[in-house]
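Q: The structure file entry_14.csv (CSV, C-alpha atoms) is provided below.
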```csv
chain,number,residue,atom,x,y,z
A,14,MET,CA,106.5,96.9,182.2
A,15,ARG,CA,109.4,94.6,181.3
A,16,ILE,CA,108.2,91.4,179.8
A,17,LEU,CA,110.2,88.3,178.8
A,18,GLY,CA,108.8,86.0,176.2
A,19,LEU,CA,110.0,82.6,175.0
A,20,TYR,CA,109.8,81.4,171.4
A,21,LEU,CA,112.2,78.5,170.9
A,22,ASN,CA,110.6,76.9,167.8
A,23,ASP,CA,112.6,77.4,164.7
A,24,PHE,CA,109.5,78.1,162.6
A,25,VAL,CA,106.2,79.9,162.7
A,26,ARG,CA,103.7,77.3,161.5
A,27,THR,CA,100.4,77.8,163.2
A,28,GLY,CA,98.1,80.6,163.8
A,29,GLY,CA,98.7,80.4,167.6
A,30,GLN,CA,102.4,80.8,167.1
A,31,ARG,CA,101.9,83.8,164.9
A,32,ARG,CA,99.5,85.4,167.2
A,33,TYR,CA,101.9,85.0,170.2
A,34,LEU,CA,104.5,86.9,168.4
A,35,GLU,CA,101.9,89.5,167.3
A,36,LEU,CA,100.9,90.0,170.9
A,37,LEU,CA,104.4,90.5,172.1
A,38,GLU,CA,105.0,93.0,169.3
A,39,GLY,CA,101.7,94.7,170.2
A,40,LEU,CA,102.8,95.0,173.9
A,41,ALA,CA,106.2,96.4,172.8
A,42,ALA,CA,104.5,98.9,170.5
A,43,LYS,CA,102.7,100.2,173.6
A,44,GLY,CA,106.0,101.2,175.1
A,45,HIS,CA,106.7,98.1,177.2
A,46,GLU,CA,110.2,96.6,177.0
A,47,VAL,CA,109.6,93.2,175.6
A,48,LEU,CA,112.6,90.7,175.4
A,49,VAL,CA,112.1,87.4,173.7
A,50,LEU,CA,114.5,84.4,173.8
A,51,MET,CA,114.4,83.0,170.3
A,52,ASP,CA,115.9,80.1,168.5
A,53,GLU,CA,118.8,81.5,166.6
A,54,ASP,CA,117.7,79.6,163.5
A,55,LEU,CA,114.2,81.3,163.5
A,56,VAL,CA,113.7,83.5,160.5
A,57,TYR,CA,112.0,86.5,162.0
A,58,THR,CA,112.6,90.2,161.9
A,59,PRO,CA,111.3,92.0,165.0
A,60,LEU,CA,109.4,95.2,164.6
A,61,HIS,CA,109.2,96.5,168.2
A,62,LEU,CA,110.4,93.7,170.5
A,63,HIS,CA,114.0,92.8,171.3
A,64,ALA,CA,115.1,89.3,170.2
A,65,LEU,CA,117.7,87.5,172.2
A,66,PRO,CA,118.9,84.6,170.0
A,67,ILE,CA,120.0,81.4,171.7
A,68,ARG,CA,121.1,78.1,170.4
A,69,VAL,CA,118.7,75.2,170.6
A,70,ARG,CA,120.3,71.9,169.8
A,71,ASP,CA,118.8,68.5,169.1
A,72,LYS,CA,116.0,69.6,166.8
A,73,GLY,CA,113.9,67.7,164.3
A,74,ARG,CA,112.0,64.4,164.5
A,75,ARG,CA,115.0,62.4,165.6
A,76,ARG,CA,115.7,64.6,168.7
A,77,LEU,CA,116.7,62.7,171.8
A,78,LEU,CA,114.8,64.9,174.3
A,79,PRO,CA,111.2,66.1,174.2
A,80,ASN,CA,111.0,69.8,173.1
A,81,SER,CA,110.0,70.9,176.6
A,82,LEU,CA,113.2,69.5,178.1
A,83,ASN,CA,115.3,70.6,175.1
A,84,TYR,CA,114.1,74.2,175.5
A,85,LEU,CA,114.8,74.0,179.3
A,86,ARG,CA,118.4,72.8,178.5
A,87,ALA,CA,118.8,75.6,175.9
A,88,VAL,CA,117.6,78.3,178.3
A,89,ALA,CA,119.6,77.0,181.3
A,90,SER,CA,122.9,76.9,179.3
A,91,SER,CA,122.3,80.3,177.8
A,92,PHE,CA,121.2,82.1,180.9
A,93,PRO,CA,124.6,83.0,182.4
A,94,GLY,CA,125.5,85.0,179.4
A,95,LEU,CA,122.2,86.8,179.2
A,96,GLU,CA,121.5,87.5,182.9
A,97,GLN,CA,122.7,91.0,182.8
A,98,VAL,CA,121.0,91.8,179.5
A,99,ILE,CA,117.7,90.4,180.8
A,100,GLY,CA,117.8,92.2,184.2
A,101,ARG,CA,114.7,92.8,186.1
A,102,ILE,CA,111.5,91.3,184.7
A,103,ASP,CA,107.9,91.9,185.7
A,104,TYR,CA,106.4,89.0,183.8
A,105,ILE,CA,107.5,85.9,182.0
A,106,HIS,CA,104.8,85.5,179.4
A,107,ILE,CA,104.3,82.2,177.6
A,108,HIS,CA,101.5,80.5,175.6
A,109,GLY,CA,101.1,76.8,176.2
A,110,GLU,CA,103.0,74.2,178.2
A,111,LEU,CA,105.8,73.6,175.7
A,112,HIS,CA,107.9,76.4,177.2
A,113,TYR,CA,106.7,75.9,180.8
A,114,LEU,CA,109.8,74.1,182.1
A,115,ALA,CA,112.1,76.8,180.6
A,116,ALA,CA,109.9,79.5,182.0
A,117,MET,CA,110.0,78.0,185.5
A,118,HIS,CA,113.8,78.0,185.3
A,119,LEU,CA,113.8,81.7,184.5
A,120,LYS,CA,111.1,82.4,187.1
A,121,ARG,CA,113.4,81.0,189.8
A,122,ARG,CA,116.5,82.8,188.5
A,123,LEU,CA,114.8,86.1,188.0
A,124,GLY,CA,112.1,86.2,190.6
A,125,ALA,CA,109.5,87.2,188.0
A,126,ARG,CA,105.8,86.5,187.8
A,127,LEU,CA,104.6,83.9,185.4
A,128,PHE,CA,101.7,84.8,183.1
A,129,PHE,CA,100.6,81.5,181.5
A,130,ALA,CA,98.2,81.5,178.6
A,131,TYR,CA,96.3,78.2,178.2
A,132,ARG,CA,96.0,77.6,174.4
A,133,SER,CA,94.4,74.2,174.0
A,134,ASN,CA,92.6,71.7,176.2
A,135,ALA,CA,94.7,68.7,175.2
A,136,ILE,CA,93.0,66.4,177.7
A,137,LEU,CA,89.5,67.1,176.2
A,138,ARG,CA,90.9,66.9,172.6
A,139,ASP,CA,92.5,63.5,173.2
A,140,ARG,CA,89.4,62.2,175.0
A,141,ILE,CA,87.2,63.2,172.0
A,142,GLY,CA,89.7,61.5,169.7
A,143,VAL,CA,89.2,58.2,171.6
A,144,GLU,CA,85.4,58.6,171.5
A,145,ALA,CA,85.5,59.4,167.7
A,146,GLY,CA,87.3,56.1,167.2
A,147,TYR,CA,90.3,57.3,165.2
A,148,VAL,CA,92.8,56.4,168.0
A,149,ASP,CA,94.0,52.7,167.9
A,150,LEU,CA,95.0,50.6,170.8
A,151,LEU,CA,98.5,51.9,170.9
A,152,GLY,CA,97.2,55.4,170.5
A,153,ARG,CA,94.9,54.9,173.5
A,154,LEU,CA,97.9,53.9,175.6
A,155,LYS,CA,99.7,57.0,174.4
A,156,VAL,CA,96.7,59.2,175.2
A,157,ALA,CA,96.6,57.7,178.7
A,158,ILE,CA,100.2,58.6,179.3
A,159,GLN,CA,99.9,62.0,177.7
A,160,GLY,CA,96.8,62.7,179.8
A,161,GLN,CA,98.8,62.1,183.0
A,162,LYS,CA,101.5,64.4,181.8
A,163,TYR,CA,99.0,67.2,181.0
A,164,ARG,CA,97.3,66.8,184.3
A,165,LEU,CA,100.7,67.2,186.0
A,166,TYR,CA,101.4,70.3,184.0
A,167,GLU,CA,98.0,71.7,184.9
A,168,ARG,CA,98.6,71.2,188.6
A,169,LEU,CA,102.1,72.8,188.4
A,170,ILE,CA,100.7,75.7,186.4
A,171,ALA,CA,97.9,76.2,188.9
A,172,ARG,CA,100.4,76.5,191.8
A,173,LYS,CA,103.2,78.3,190.1
A,174,ALA,CA,101.7,80.8,187.7
A,175,GLU,CA,100.5,84.2,189.0
A,176,ILE,CA,98.0,84.7,186.2
A,177,ILE,CA,96.4,82.0,183.9
A,178,ALA,CA,94.6,83.2,180.8
A,179,PHE,CA,92.0,81.2,178.9
A,180,GLN,CA,90.3,81.9,175.6
A,181,ASN,CA,86.9,80.6,176.7
A,182,SER,CA,85.0,79.7,179.8
A,183,SER,CA,84.6,76.0,178.9
A,184,ASP,CA,88.4,75.4,179.0
A,185,GLU,CA,88.7,77.5,182.2
A,186,GLU,CA,86.1,75.5,184.0
A,187,ASP,CA,87.5,72.2,182.8
A,188,PHE,CA,91.0,73.2,183.9
A,189,LEU,CA,89.8,74.3,187.4
A,190,SER,CA,88.0,71.0,187.8
A,191,ARG,CA,91.3,69.2,187.6
A,192,ALA,CA,93.6,71.9,189.1
A,193,PRO,CA,91.5,73.8,191.8
A,194,ALA,CA,94.7,75.5,193.1
A,195,GLY,CA,94.3,77.9,190.2
A,196,ARG,CA,91.1,79.5,191.5
A,197,GLY,CA,91.4,83.2,191.8
A,198,LYS,CA,94.3,83.3,189.3
A,199,THR,CA,92.3,82.8,186.0
A,200,VAL,CA,91.1,85.4,183.5
A,201,ILE,CA,89.4,85.0,180.1
A,202,ILE,CA,91.0,87.0,177.2
A,203,ARG,CA,89.2,86.0,174.0
A,204,GLY,CA,90.7,86.4,170.5
A,205,ALA,CA,90.3,89.6,168.6
A,206,ILE,CA,89.9,90.9,165.1
A,207,ASP,CA,93.1,93.0,165.5
A,208,GLY,CA,96.6,93.0,164.2
A,209,PRO,CA,98.5,93.1,160.9
A,210,ARG,CA,96.7,90.1,159.5
A,211,PHE,CA,93.4,91.9,159.4
A,212,ARG,CA,94.0,94.4,156.6
A,213,LYS,CA,91.5,97.0,155.8
A,214,GLU,CA,91.1,95.9,152.2
A,215,HIS,CA,89.8,92.6,153.3
A,216,GLU,CA,87.1,93.9,155.6
A,217,GLY,CA,83.6,93.1,154.5
A,218,ILE,CA,84.8,92.1,151.0
A,219,ASN,CA,82.5,89.0,150.9
A,220,ARG,CA,79.1,89.9,149.4
A,221,ALA,CA,77.8,86.4,148.5
A,222,THR,CA,74.0,86.1,148.0
A,223,ARG,CA,73.7,82.4,147.6
A,224,VAL,CA,75.6,79.2,148.5
A,225,CYS,CA,77.6,77.5,145.8
A,226,LYS,CA,81.1,77.3,147.2
A,227,LEU,CA,82.1,76.1,150.7
A,228,VAL,CA,85.5,76.4,152.3
A,229,TYR,CA,87.4,74.8,155.1
A,230,VAL,CA,90.7,76.1,156.5
A,231,GLY,CA,92.8,74.1,158.9
A,232,LEU,CA,94.8,70.9,159.4
A,233,LEU,CA,93.7,67.7,157.8
A,234,HIS,CA,94.1,65.8,161.0
A,235,GLU,CA,91.2,63.7,162.2
A,236,SER,CA,90.7,66.0,165.3
A,237,LYS,CA,89.6,68.7,162.9
A,238,GLY,CA,86.7,66.7,161.7
A,239,VAL,CA,87.4,67.0,158.0
A,240,MET,CA,86.0,63.6,157.3
A,241,TYR,CA,82.6,64.6,158.6
A,242,LEU,CA,82.6,67.5,156.2
A,243,LEU,CA,83.6,65.2,153.3
A,244,ASP,CA,80.8,62.8,154.4
A,245,ALA,CA,78.4,65.7,154.4
A,246,MET,CA,79.4,66.6,150.9
A,247,ALA,CA,78.8,63.0,149.8
A,248,GLU,CA,75.4,63.1,151.5
A,249,LEU,CA,74.5,66.4,149.7
A,250,HIS,CA,75.6,64.7,146.4
A,251,ARG,CA,73.3,61.8,147.2
A,252,ARG,CA,70.4,64.3,147.8
A,253,GLY,CA,71.0,65.7,144.3
A,254,ILE,CA,72.7,68.9,145.3
A,255,ASP,CA,75.6,68.8,142.9
A,256,SER,CA,76.1,72.5,142.3
A,257,LEU,CA,78.2,72.8,145.4
A,258,SER,CA,82.0,72.9,145.5
A,259,LEU,CA,84.4,72.7,148.5
A,260,ASP,CA,87.9,74.2,148.8
A,261,VAL,CA,89.9,72.5,151.5
A,262,LEU,CA,92.9,74.6,152.7
A,263,GLY,CA,95.5,73.1,154.9
A,264,ARG,CA,98.4,70.7,155.3
A,265,GLY,CA,98.3,67.1,156.3
A,266,GLU,CA,100.1,63.8,155.5
A,267,SER,CA,96.7,62.3,154.6
A,268,LEU,CA,96.1,64.5,151.6
A,269,GLU,CA,96.2,61.8,149.0
A,270,ALA,CA,94.1,59.5,151.1
A,271,ARG,CA,91.5,62.2,151.4
A,272,ARG,CA,91.5,62.7,147.6
A,273,ALA,CA,91.0,59.0,147.1
A,274,TYR,CA,88.1,58.9,149.5
A,275,CYS,CA,86.4,61.7,147.6
A,276,GLU,CA,86.8,59.8,144.4
A,277,GLU,CA,85.3,56.7,145.9
A,278,ARG,CA,82.3,58.6,147.1
A,279,GLY,CA,81.7,60.3,143.8
A,280,ILE,CA,82.6,63.8,144.9
A,281,GLY,CA,86.1,64.1,143.4
A,282,GLN,CA,84.9,66.9,141.1
A,283,MET,CA,83.2,68.7,144.0
A,284,VAL,CA,86.2,68.9,146.3
A,285,SER,CA,89.5,70.7,145.7
A,286,PHE,CA,92.4,70.2,148.1
A,287,CYS,CA,94.5,73.3,147.9
A,288,GLY,CA,97.2,72.5,150.5
A,289,GLN,CA,98.5,75.1,152.9
A,290,VAL,CA,98.3,78.6,151.6
A,291,ALA,CA,100.1,81.7,152.9
A,292,ASP,CA,97.1,83.9,152.6
A,293,PRO,CA,93.6,82.4,153.0
A,294,PHE,CA,91.8,85.8,152.6
A,295,PRO,CA,91.2,85.5,148.8
A,296,TYR,CA,89.6,82.1,149.4
A,297,LEU,CA,87.4,83.5,152.2
A,298,ALA,CA,86.4,86.4,150.0
A,299,ASP,CA,85.4,84.1,147.2
A,300,ALA,CA,83.5,81.4,149.2
A,301,ASP,CA,79.9,81.5,150.2
A,302,LEU,CA,80.0,79.6,153.5
A,303,MET,CA,82.8,78.5,155.9
A,304,VAL,CA,82.2,75.1,157.4
A,305,PHE,CA,84.4,74.3,160.4
A,306,PRO,CA,83.7,70.7,161.7
A,307,SER,CA,86.4,70.5,164.3
A,308,LEU,CA,86.1,67.9,167.1
A,309,TYR,CA,87.8,70.4,169.5
A,310,ASP,CA,89.1,74.0,169.1
A,311,ALA,CA,89.7,76.6,171.7
A,312,TYR,CA,89.4,79.8,169.6
A,313,PRO,CA,90.5,79.3,166.0
A,314,ASP,CA,91.7,82.4,164.1
A,315,VAL,CA,90.0,81.3,160.9
A,316,ILE,CA,86.6,81.9,162.5
A,317,LEU,CA,87.6,85.5,163.2
A,318,GLU,CA,89.1,85.9,159.7
A,319,SER,CA,85.9,84.7,158.1
A,320,LEU,CA,83.8,87.1,160.2
A,321,PHE,CA,86.2,89.9,159.2
A,322,VAL,CA,85.6,89.4,155.5
A,323,GLY,CA,81.9,88.9,155.9
A,324,LEU,CA,81.9,85.2,155.2
A,325,PRO,CA,79.2,83.4,157.2
A,326,VAL,CA,80.3,80.4,159.3
A,327,ILE,CA,78.8,77.2,160.6
A,328,ALA,CA,80.8,75.2,163.1
A,329,THR,CA,80.6,72.4,165.6
A,330,LYS,CA,79.4,73.3,169.1
A,331,VAL,CA,82.5,72.3,171.0
A,332,GLY,CA,85.4,74.0,172.9
A,333,GLY,CA,85.3,77.7,172.4
A,334,LEU,CA,83.3,77.6,169.2
A,335,GLY,CA,79.9,77.9,170.9
A,336,GLU,CA,81.1,81.1,172.6
A,337,MET,CA,82.5,82.5,169.5
A,338,LEU,CA,79.4,82.0,167.3
A,339,ALA,CA,76.7,82.1,170.1
A,340,HIS,CA,73.7,81.4,167.9
A,341,GLU,CA,72.3,77.9,167.5
A,342,GLU,CA,71.7,78.5,163.7
A,343,LEU,CA,75.5,78.8,163.4
A,344,LEU,CA,76.3,75.7,165.3
A,345,VAL,CA,75.9,71.9,164.6
A,346,PRO,CA,76.5,68.9,166.8
A,347,VAL,CA,80.1,67.5,166.9
A,348,MET,CA,80.8,64.3,164.8
A,349,ASP,CA,77.5,64.6,162.9
A,350,SER,CA,77.9,64.7,159.1
A,351,ALA,CA,74.1,64.5,158.6
A,352,ALA,CA,73.6,67.7,160.7
A,353,ILE,CA,76.3,69.5,158.6
A,354,ALA,CA,74.5,68.3,155.4
A,355,ASP,CA,71.1,69.5,156.7
A,356,ARG,CA,72.4,72.9,157.6
A,357,VAL,CA,74.2,73.4,154.2
A,358,GLU,CA,71.2,72.2,152.3
A,359,ARG,CA,69.0,74.6,154.1
A,360,CYS,CA,71.3,77.5,153.2
A,361,VAL,CA,71.2,76.3,149.5
A,362,ARG,CA,67.4,75.9,149.4
A,363,GLU,CA,66.4,78.9,151.6
A,364,PRO,CA,68.0,82.1,150.6
A,365,ALA,CA,66.3,83.9,153.5
A,366,PHE,CA,67.9,81.5,156.0
A,367,TYR,CA,71.3,82.1,154.4
A,368,GLN,CA,70.8,85.8,154.7
A,369,ARG,CA,69.9,85.4,158.4
A,370,LEU,CA,73.2,83.5,158.9
A,371,ARG,CA,75.1,86.4,157.2
A,372,ALA,CA,73.3,88.9,159.6
A,373,LEU,CA,74.1,86.8,162.7
A,374,CYS,CA,77.8,86.5,161.7
A,375,ALA,CA,77.9,90.3,161.1
A,376,GLU,CA,76.5,90.8,164.6
A,377,ARG,CA,79.1,88.4,166.1
A,378,LYS,CA,82.0,90.2,164.3
A,379,ALA,CA,81.4,93.3,166.5
A,380,HIS,CA,82.2,91.4,169.6
A,381,PHE,CA,85.8,90.8,168.5
A,382,VAL,CA,86.8,94.2,167.3
A,383,PHE,CA,89.0,95.5,170.1
A,384,ASP,CA,92.6,96.3,171.0
A,385,TRP,CA,93.9,92.8,171.7
A,386,ALA,CA,97.3,93.8,173.2
A,387,GLU,CA,95.5,96.3,175.4
A,388,ALA,CA,93.3,93.6,176.9
A,389,TRP,CA,96.4,91.6,177.9
A,390,GLU,CA,98.1,94.8,179.1
A,391,ARG,CA,95.2,95.7,181.4
A,392,VAL,CA,95.3,92.3,183.1
A,393,MET,CA,99.1,92.5,183.6
A,394,LYS,CA,99.0,95.9,185.1
A,395,ALA,CA,96.2,94.8,187.5
A,396,GLY,CA,98.5,92.0,188.6
A,397,LEU,CA,101.2,94.4,189.5
A,398,ALA,CA,99.0,96.7,191.5
A,399,PRO,CA,99.7,96.7,195.3
```
Kindly return the structure encoded in the file as structure tokens.

A:
Amino acid sequence: MRILGLYLNDFVRTGGQRRYLELLEGLAAKGHEVLVLMDEDLVYTPLHLHALPIRVRDKGRRRLLPNSLNYLRAVASSFPGLEQVIGRIDYIHIHGELHYLAAMHLKRRLGARLFFAYRSNAILRDRIGVEAGYVDLLGRLKVAIQGQKYRLYERLIARKAEIIAFQNSSDEEDFLSRAPAGRGKTVIIRGAIDGPRFRKEHEGINRATRVCKLVYVGLLHESKGVMYLLDAMAELHRRGIDSLSLDVLGRGESLEARRAYCEERGIGQMVSFCGQVADPFPYLADADLMVFPSLYDAYPDVILESLFVGLPVIATKVGGLGEMLAHEELLVPVMDSAAIADRVERCVREPAFYQRLRALCAERKAHFVFDWAEAWERVMKAGLAP
């Protein structure tokens, strides 16, 4: 197959962005010709794919156009000089709506199929934000406008894409309820413990026998529910469980405010804010329990990374997290700091319960060990069959 990808960000900042490039590299390693239009300013050395650098103007926070329109402009202006190089394409493969307009321009010019991977249920995420109360009046107006934009994108994707991939059935069902034209086009391809990030020396390295150290990895944005975890730590402190510590890994403009909040609640010595780290695996190996209190997530890589090292996880039952962890003992209600505190306390006070969580997580790990690129390849080949 000949596959065309689009990566017009000038950075690799999130796990989803990294995984997209890993997938394209994986497909190229299987012998497919994978071409990727990339921002010329992106620092990235291809291993197997062929990068086609293009100029993307008007970047940064003060840009005049939204990124989606800016990427469309970059692709449209660069296409005449690349048309012969690109040639015949079987699939234009993109993850998320940010590159959708640029992909549609190429689809029309090349006559290729569009394989769209739905990464995040932004409508559900924003609705939960309103319900959680961290969106002010102006934010609610923005959410309403954004919601209409996302609904339009979904209807267009449902009509124009040949294949639409989801990471979990919850997002798939929610999408189809709003964009029924996509029925018959959707598939579920879950995340996998596969690729260069999952190095053999990290596998099963966590051998904790009791709970003293918790860890959280992710953004410090309100949508990730970090405040519920901090409130749970304060509640555990109130209950007299002071032997616990928490490492918070991730970036966020609210870092100092979070530190001040912990000091006010008397847990400043229990919580360490480590910022964004390039390699979370040493922290996962050293912790006793991962707590992931997100208000919405489709299929976070950090859950797979924790399972890989043998670190047990408890997470909120929302988005794709329920499908990832499956067992009720590993799940807590969303926006419920008391439930988080109760579950952690039980792990601390009942070693047998903690060992059960370890066993359940080890069982879940086996569901994610497969060739991720092959799963995508299989779906793409089926889409080309007469």

Q: Go through A:Gly265, A:Pro325, A:Gly253, A:Gly160 and flag the residue nearest A:Lys237, using all atoms listed in the file for the distances.

A: A:Gly265

Q: Mind giving me the straight-line distance from atom CA of A:Leu324 to atom CA of A:Cys287 in Å, one decimal?

A: 18.8 Å

Q: Excluding same-chain residues fewer than 3 positions from stretch 181-194 of chain A, what lies within 6 Å of it counting all atoms listed in the file, as a list in words?

A: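 Result of the neighbour search: Arg168, Ala171, Arg172 and Gly333 of chain A.
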
Q: Choose the residue, out of A:Leu297, A:Glu276, A:Ile170, A:Leu36, that has the smallest atom-to-atom separation from A:Leu114; count all atoms listed in the file.

A: A:Ile170

Q: Find the spatial neighbours of A:Cys225, counting only C-alpha atoms, within a cut-off of 7 Å - ignore same-chain residues fewer than 4 positions away - and output them as number ranges by chain.

A: A: 256-258, 301

Q: Between atom CA of A:Tyr241 and atom CA of A:Phe211, what is the spacing in Å?

A: 29.4 Å

Q: How many Å separate atom CA of A:Met240 from atom CA of A:Leu320?

A: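 Those two atoms sit 23.8 Å apart.
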
Q: With distances taken over all atoms listed in the file, which of A:Ala379, A:Ala157, A:Ile105, A:Ala42 is nearest to A:Ile16?

A: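 So, comparing all the options, the nearest one is A:Ile105.
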
Q: Using all atoms listed in the file, find the one residue out of A:Val290, A:Val98, A:Val331, A:Leu344 that sits nearest to A:Leu48.

A: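 The closest residue to A:Leu48 is A:Val98.
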
Q: Using all atoms listed in the file, which of A:Leu242, A:Glu358, A:Leu249, A:Leu232 sits nearest A:Gly263?

A: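 Counting all atoms listed in the file, the residue closest to A:Gly263 is A:Leu232.
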
Q: Determine the axis-aligned bounding box of all atoms of stretch 122-125 of chain A present in the file, pad each side by 5 Å, and express its centre and edge lengths in Å to one decimal place as lines of an AutoDock Vina configuration file.

A:
```
center_x = 113.0
center_y = 85.0
center_z = 189.3
size_x = 17.0
size_y = 14.4
size_z = 12.6
```

Q: Go through A:Ala89, A:Leu17, A:Gly197, A:Pro79 and flag the residue nearest A:Gly396, using only C-alpha atoms for the distances.

A: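 The shortest atom-to-atom distance to A:Gly396 comes from A:Gly197.
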
Q: Give me, as a list in words, all polymer residues having an atom no more than 12 Å from A:His61, counting all atoms listed in the file and skipping those fewer than 6 positions away in the same chain.

A: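 The contact residues come out as Leu34, Glu35, Leu36, Leu37, Glu38, Gly39, Leu40, Ala41, Ala42, Lys43, Gly44, His45, Glu46, Val47, Leu48 and Val49 of chain A.
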
Q: Please list as a PDB file with C-alpha atoms, in the frame of the given file every residue within 10 Å of A:Arg153, counting only C-alpha atoms and excluding residues in the same chain fewer than 6 positions away.

A:
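That gives us out09.pdb:
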```pdb
ATOM      1  CA  ASP A 139      92.500  63.500 173.200  1.00  0.00           C
ATOM      2  CA  ARG A 140      89.400  62.200 175.000  1.00  0.00           C
ATOM      3  CA  GLY A 142      89.700  61.500 169.700  1.00  0.00           C
ATOM      4  CA  VAL A 143      89.200  58.200 171.600  1.00  0.00           C
ATOM      5  CA  GLY A 146      87.300  56.100 167.200  1.00  0.00           C
ATOM      6  CA  TYR A 147      90.300  57.300 165.200  1.00  0.00           C
ATOM      7  CA  GLN A 159      99.900  62.000 177.700  1.00  0.00           C
TER       8      GLN A 159
END
```
